[in-house]
>>> print(open('work-v9.cif').read())   # mmCIF, N, CA and C atoms
data_data
loop_
_atom_site.label_atom_id
_atom_site.label_comp_id
_atom_site.auth_asym_id
_atom_site.auth_seq_id
_atom_site.Cartn_x
_atom_site.Cartn_y
_atom_site.Cartn_z
N MET A 10 -10.74 4.12 0.60
CA MET A 10 -9.47 4.60 1.11
C MET A 10 -9.44 6.12 1.02
N GLU A 11 -9.07 6.74 2.12
CA GLU A 11 -8.97 8.19 2.19
C GLU A 11 -7.97 8.71 1.15
N GLY A 12 -8.29 9.84 0.54
CA GLY A 12 -7.34 10.46 -0.37
C GLY A 12 -7.16 9.76 -1.70
N LYS A 13 -8.22 9.14 -2.21
CA LYS A 13 -8.10 8.38 -3.46
C LYS A 13 -7.51 9.24 -4.57
N SER A 14 -7.87 10.53 -4.62
CA SER A 14 -7.33 11.39 -5.67
C SER A 14 -5.83 11.65 -5.45
N THR A 15 -5.39 11.72 -4.19
CA THR A 15 -3.97 11.89 -3.89
C THR A 15 -3.19 10.68 -4.37
N TYR A 16 -3.72 9.49 -4.11
CA TYR A 16 -3.05 8.25 -4.49
C TYR A 16 -3.24 7.92 -5.97
N GLN A 17 -4.22 8.54 -6.62
CA GLN A 17 -4.57 8.26 -8.01
C GLN A 17 -4.80 6.77 -8.22
N LEU A 18 -5.51 6.14 -7.29
CA LEU A 18 -5.76 4.70 -7.38
C LEU A 18 -6.68 4.37 -8.55
N THR A 19 -6.32 3.30 -9.25
CA THR A 19 -7.15 2.82 -10.35
C THR A 19 -7.61 1.40 -10.11
N GLY A 20 -7.02 0.72 -9.13
CA GLY A 20 -7.42 -0.65 -8.82
C GLY A 20 -6.41 -1.29 -7.91
N PHE A 21 -6.72 -2.52 -7.52
CA PHE A 21 -5.78 -3.27 -6.69
C PHE A 21 -5.99 -4.75 -6.91
N SER A 22 -4.98 -5.51 -6.56
CA SER A 22 -5.09 -6.96 -6.60
C SER A 22 -4.30 -7.51 -5.42
N TYR A 23 -4.64 -8.73 -5.05
CA TYR A 23 -3.89 -9.36 -3.96
C TYR A 23 -3.90 -10.86 -4.13
N LYS A 24 -2.90 -11.48 -3.53
CA LYS A 24 -2.87 -12.93 -3.48
C LYS A 24 -2.25 -13.33 -2.15
N VAL A 25 -2.66 -14.47 -1.67
CA VAL A 25 -2.13 -15.01 -0.43
C VAL A 25 -1.48 -16.34 -0.77
N GLU A 26 -0.22 -16.46 -0.39
CA GLU A 26 0.52 -17.68 -0.69
C GLU A 26 1.44 -17.99 0.48
N LYS A 27 1.29 -19.18 1.02
CA LYS A 27 2.12 -19.65 2.14
C LYS A 27 2.12 -18.66 3.30
N GLY A 28 0.95 -18.12 3.63
CA GLY A 28 0.82 -17.23 4.78
C GLY A 28 1.31 -15.81 4.55
N HIS A 29 1.63 -15.45 3.31
CA HIS A 29 2.09 -14.10 2.98
C HIS A 29 1.10 -13.47 2.01
N THR A 30 0.66 -12.25 2.33
CA THR A 30 -0.27 -11.53 1.47
C THR A 30 0.51 -10.51 0.65
N ASP A 31 0.31 -10.54 -0.65
CA ASP A 31 0.95 -9.61 -1.58
C ASP A 31 -0.15 -8.75 -2.19
N VAL A 32 -0.10 -7.44 -1.91
CA VAL A 32 -1.11 -6.50 -2.40
C VAL A 32 -0.45 -5.56 -3.39
N LYS A 33 -1.09 -5.37 -4.53
CA LYS A 33 -0.62 -4.42 -5.54
C LYS A 33 -1.69 -3.34 -5.71
N MET A 34 -1.29 -2.10 -5.42
CA MET A 34 -2.18 -0.95 -5.55
C MET A 34 -1.81 -0.24 -6.85
N LYS A 35 -2.69 -0.32 -7.83
CA LYS A 35 -2.41 0.27 -9.13
C LYS A 35 -2.82 1.74 -9.10
N THR A 36 -1.96 2.61 -9.65
CA THR A 36 -2.24 4.03 -9.67
C THR A 36 -2.18 4.56 -11.10
N ASP A 37 -2.56 5.82 -11.24
CA ASP A 37 -2.53 6.47 -12.53
C ASP A 37 -1.28 7.34 -12.68
N PHE A 38 -0.34 7.24 -11.73
CA PHE A 38 0.90 8.01 -11.84
C PHE A 38 1.72 7.48 -13.01
N GLU A 39 2.18 8.38 -13.86
CA GLU A 39 3.02 7.97 -14.98
C GLU A 39 4.49 7.99 -14.60
N GLU A 40 4.83 8.80 -13.61
CA GLU A 40 6.21 8.83 -13.10
C GLU A 40 6.16 8.90 -11.59
N GLN A 41 7.28 8.62 -10.98
CA GLN A 41 7.35 8.54 -9.52
C GLN A 41 6.82 9.84 -8.89
N PRO A 42 5.85 9.72 -7.97
CA PRO A 42 5.34 10.91 -7.30
C PRO A 42 6.40 11.50 -6.35
N SER A 43 6.14 12.71 -5.91
CA SER A 43 7.09 13.40 -5.04
C SER A 43 7.31 12.64 -3.73
N GLU A 44 8.41 12.94 -3.08
CA GLU A 44 8.71 12.35 -1.78
C GLU A 44 7.60 12.66 -0.79
N GLU A 45 7.03 13.85 -0.89
CA GLU A 45 5.94 14.25 0.00
C GLU A 45 4.74 13.31 -0.15
N ILE A 46 4.36 13.00 -1.36
CA ILE A 46 3.23 12.09 -1.60
C ILE A 46 3.57 10.68 -1.14
N ARG A 47 4.77 10.20 -1.45
CA ARG A 47 5.16 8.86 -1.03
C ARG A 47 5.18 8.75 0.50
N SER A 48 5.70 9.77 1.16
CA SER A 48 5.73 9.78 2.64
C SER A 48 4.32 9.80 3.22
N TYR A 49 3.44 10.58 2.59
CA TYR A 49 2.06 10.67 3.04
C TYR A 49 1.36 9.31 2.93
N ILE A 50 1.54 8.65 1.81
CA ILE A 50 0.94 7.33 1.59
C ILE A 50 1.45 6.36 2.65
N GLU A 51 2.76 6.33 2.85
CA GLU A 51 3.35 5.41 3.82
C GLU A 51 2.84 5.71 5.23
N MET A 52 2.74 6.99 5.58
CA MET A 52 2.24 7.38 6.90
C MET A 52 0.81 6.88 7.11
N LYS A 53 -0.05 7.05 6.11
CA LYS A 53 -1.45 6.62 6.23
C LYS A 53 -1.56 5.11 6.34
N ILE A 54 -0.74 4.38 5.60
CA ILE A 54 -0.75 2.92 5.69
C ILE A 54 -0.31 2.49 7.09
N GLN A 55 0.76 3.11 7.61
CA GLN A 55 1.24 2.76 8.94
C GLN A 55 0.20 3.11 10.01
N GLU A 56 -0.50 4.23 9.84
CA GLU A 56 -1.58 4.58 10.78
C GLU A 56 -2.65 3.49 10.79
N TYR A 57 -3.01 3.01 9.61
CA TYR A 57 -4.02 1.96 9.51
C TYR A 57 -3.56 0.69 10.23
N PHE A 58 -2.30 0.30 10.02
CA PHE A 58 -1.80 -0.92 10.64
C PHE A 58 -1.56 -0.77 12.14
N SER A 59 -1.53 0.45 12.63
CA SER A 59 -1.35 0.66 14.07
C SER A 59 -2.68 0.63 14.84
N LEU A 60 -3.80 0.63 14.14
CA LEU A 60 -5.11 0.55 14.80
C LEU A 60 -5.27 -0.81 15.47
N GLN A 61 -5.84 -0.81 16.66
CA GLN A 61 -6.01 -2.05 17.41
C GLN A 61 -6.83 -3.07 16.63
N GLU A 62 -7.89 -2.62 15.99
CA GLU A 62 -8.75 -3.52 15.21
C GLU A 62 -7.95 -4.19 14.08
N THR A 63 -7.10 -3.42 13.42
CA THR A 63 -6.29 -3.97 12.34
C THR A 63 -5.28 -4.97 12.89
N LYS A 64 -4.64 -4.63 14.00
CA LYS A 64 -3.67 -5.53 14.62
C LYS A 64 -4.32 -6.87 14.98
N GLU A 65 -5.56 -6.82 15.49
CA GLU A 65 -6.26 -8.05 15.87
C GLU A 65 -6.56 -8.91 14.64
N GLN A 66 -6.92 -8.27 13.54
CA GLN A 66 -7.25 -9.01 12.32
C GLN A 66 -6.01 -9.61 11.67
N ILE A 67 -4.93 -8.87 11.65
CA ILE A 67 -3.72 -9.30 10.95
C ILE A 67 -2.88 -10.24 11.79
N GLU A 68 -2.87 -10.00 13.10
CA GLU A 68 -2.03 -10.76 14.03
C GLU A 68 -0.59 -10.76 13.54
N ASN A 69 -0.02 -11.91 13.26
CA ASN A 69 1.38 -11.98 12.81
C ASN A 69 1.51 -12.29 11.32
N ASP A 70 0.44 -12.10 10.57
CA ASP A 70 0.49 -12.38 9.14
C ASP A 70 1.50 -11.47 8.45
N LYS A 71 2.23 -12.02 7.51
CA LYS A 71 3.20 -11.26 6.72
C LYS A 71 2.49 -10.65 5.51
N TYR A 72 2.93 -9.45 5.14
CA TYR A 72 2.34 -8.79 3.98
C TYR A 72 3.37 -7.93 3.27
N THR A 73 3.11 -7.69 2.00
CA THR A 73 3.85 -6.74 1.18
C THR A 73 2.82 -5.95 0.41
N ILE A 74 2.92 -4.63 0.46
CA ILE A 74 2.03 -3.75 -0.28
C ILE A 74 2.89 -2.95 -1.25
N ARG A 75 2.56 -3.03 -2.52
CA ARG A 75 3.30 -2.29 -3.55
C ARG A 75 2.36 -1.30 -4.23
N PHE A 76 2.80 -0.06 -4.30
CA PHE A 76 2.09 0.96 -5.07
C PHE A 76 2.78 1.04 -6.42
N LEU A 77 1.99 0.89 -7.48
CA LEU A 77 2.55 0.77 -8.84
C LEU A 77 2.25 1.98 -9.70
N LEU A 78 3.23 2.36 -10.52
CA LEU A 78 3.02 3.36 -11.55
C LEU A 78 2.09 2.79 -12.61
N LYS A 79 1.65 3.63 -13.50
CA LYS A 79 0.78 3.20 -14.59
C LYS A 79 1.40 2.08 -15.42
N ASN A 80 2.75 2.08 -15.54
CA ASN A 80 3.44 1.06 -16.34
C ASN A 80 3.69 -0.23 -15.55
N GLY A 81 3.26 -0.28 -14.28
CA GLY A 81 3.41 -1.49 -13.48
C GLY A 81 4.63 -1.52 -12.59
N GLU A 82 5.50 -0.52 -12.70
CA GLU A 82 6.71 -0.45 -11.86
C GLU A 82 6.35 0.05 -10.45
N ALA A 83 6.92 -0.59 -9.44
CA ALA A 83 6.64 -0.18 -8.06
C ALA A 83 7.38 1.11 -7.71
N PHE A 84 6.66 2.05 -7.06
CA PHE A 84 7.32 3.27 -6.60
C PHE A 84 7.34 3.33 -5.07
N LEU A 85 6.61 2.44 -4.41
CA LEU A 85 6.61 2.38 -2.95
C LEU A 85 6.27 0.96 -2.52
N THR A 86 7.08 0.39 -1.64
CA THR A 86 6.85 -0.95 -1.12
C THR A 86 6.86 -0.89 0.39
N ILE A 87 5.80 -1.44 1.00
CA ILE A 87 5.67 -1.49 2.46
C ILE A 87 5.48 -2.94 2.84
N LYS A 88 6.32 -3.40 3.78
CA LYS A 88 6.17 -4.80 4.20
C LYS A 88 6.52 -4.92 5.68
N ASN A 89 6.05 -6.03 6.26
CA ASN A 89 6.41 -6.32 7.65
C ASN A 89 7.25 -7.55 7.72
#
>>> encode(input="work-v9.cif", output="structure tokens")
Amino acid sequence: MEGKSTYQLTGFSYKVEKGHTDVKMKTDFEEQPSEEIRSYIEMKIQEYFSLQETKEQIENDKYTIRFLLKNGEAFLTIKN
């Protein structure tokens, strides 16, 4: 993923249940990052989902992506 240092990613997990994918992106942020960083992350995720290849793979699948602080609290949630 582009900008790993910006996102401070430390890992991720996902589960699929009843046709819904739940993704948790774990970060090293100890407190909520700035609005600029949160907006940047959301913009990049939306760019990825707007790619034709991604649209073909996902089709109408439901998903939730949560970016988590170091303590496990979500600071950004993206879903369709």
>>> axis_aligned_box(input="work-v9.cif", around="range 26-41 of chain A", padding_each_side="3 Å", output="JSON")
{"center_x": 2.3, "center_y": -4.9, "center_z": -5.1, "size_x": 16.2, "size_y": 35.5, "size_z": 25.8}
>>> residues_around(input="work-v9.cif", residues="Val25 in chain A", least_positions_apart="6", cutoff="9 Å", atoms="only C-alpha atoms", output="list in words")
Asp31, Val32 and Tyr72 of chain A
>>> resolve_selection(input="work-v9.cif", expression="the PyMOL selection byres ((chain A and resi 74) around 5)", output="list in words")
Val32, Tyr72, Thr73, Arg75, Phe76, Thr86, Ile87 and Lys88 of chain A
>>> resolve_selection(input="work-v9.cif", expression="the PyMOL selection byres ((chain A and resi 37-54) around 5)", output="ChimeraX atom specification")
/A:17-19,35-36,55-58,78-79
>>> resolve_selection(input="work-v9.cif", expression="the PyMOL selection byres (((chain A and resi 22 and name CA) around 7) and name CA)", output="PyMOL selection string")
chain A and resi 21+23+32-34
>>> atom_distance(input="work-v9.cif", atom1="atom C of Lys24 in chain A", atom2="atom N of Leu85 in chain A")
18.2 Å
>>> select_by_dssp(input="work-v9.cif", residues="chain A", states="strand (DSSP E or B)", output="PyMOL selection string")
chain A and resi 18-26+29-36+71-77+83-88
>>> atom_distance(input="work-v9.cif", atom1="atom C of His29 in chain A", atom2="atom N of Glu65 in chain A")
16.4 Å
>>> atom_distance(input="work-v9.cif", atom1="CA of Asn89 in chain A", atom2="atom C of Glu26 in chain A")
14.6 Å
>>> select_by_dssp(input="work-v9.cif", residues="chain A", states="alpha helix (DSSP H)", output="list in words")
Lys13, Ser14, Thr15, Tyr16, Glu44, Glu45, Ile46, Arg47, Ser48, Tyr49, Ile50, Glu51, Met52, Lys53, Ile54, Gln55, Glu56, Tyr57, Phe58, Ser59, Gln61, Glu62, Thr63, Lys64, Glu65, Gln66 and Ile67 of chain A
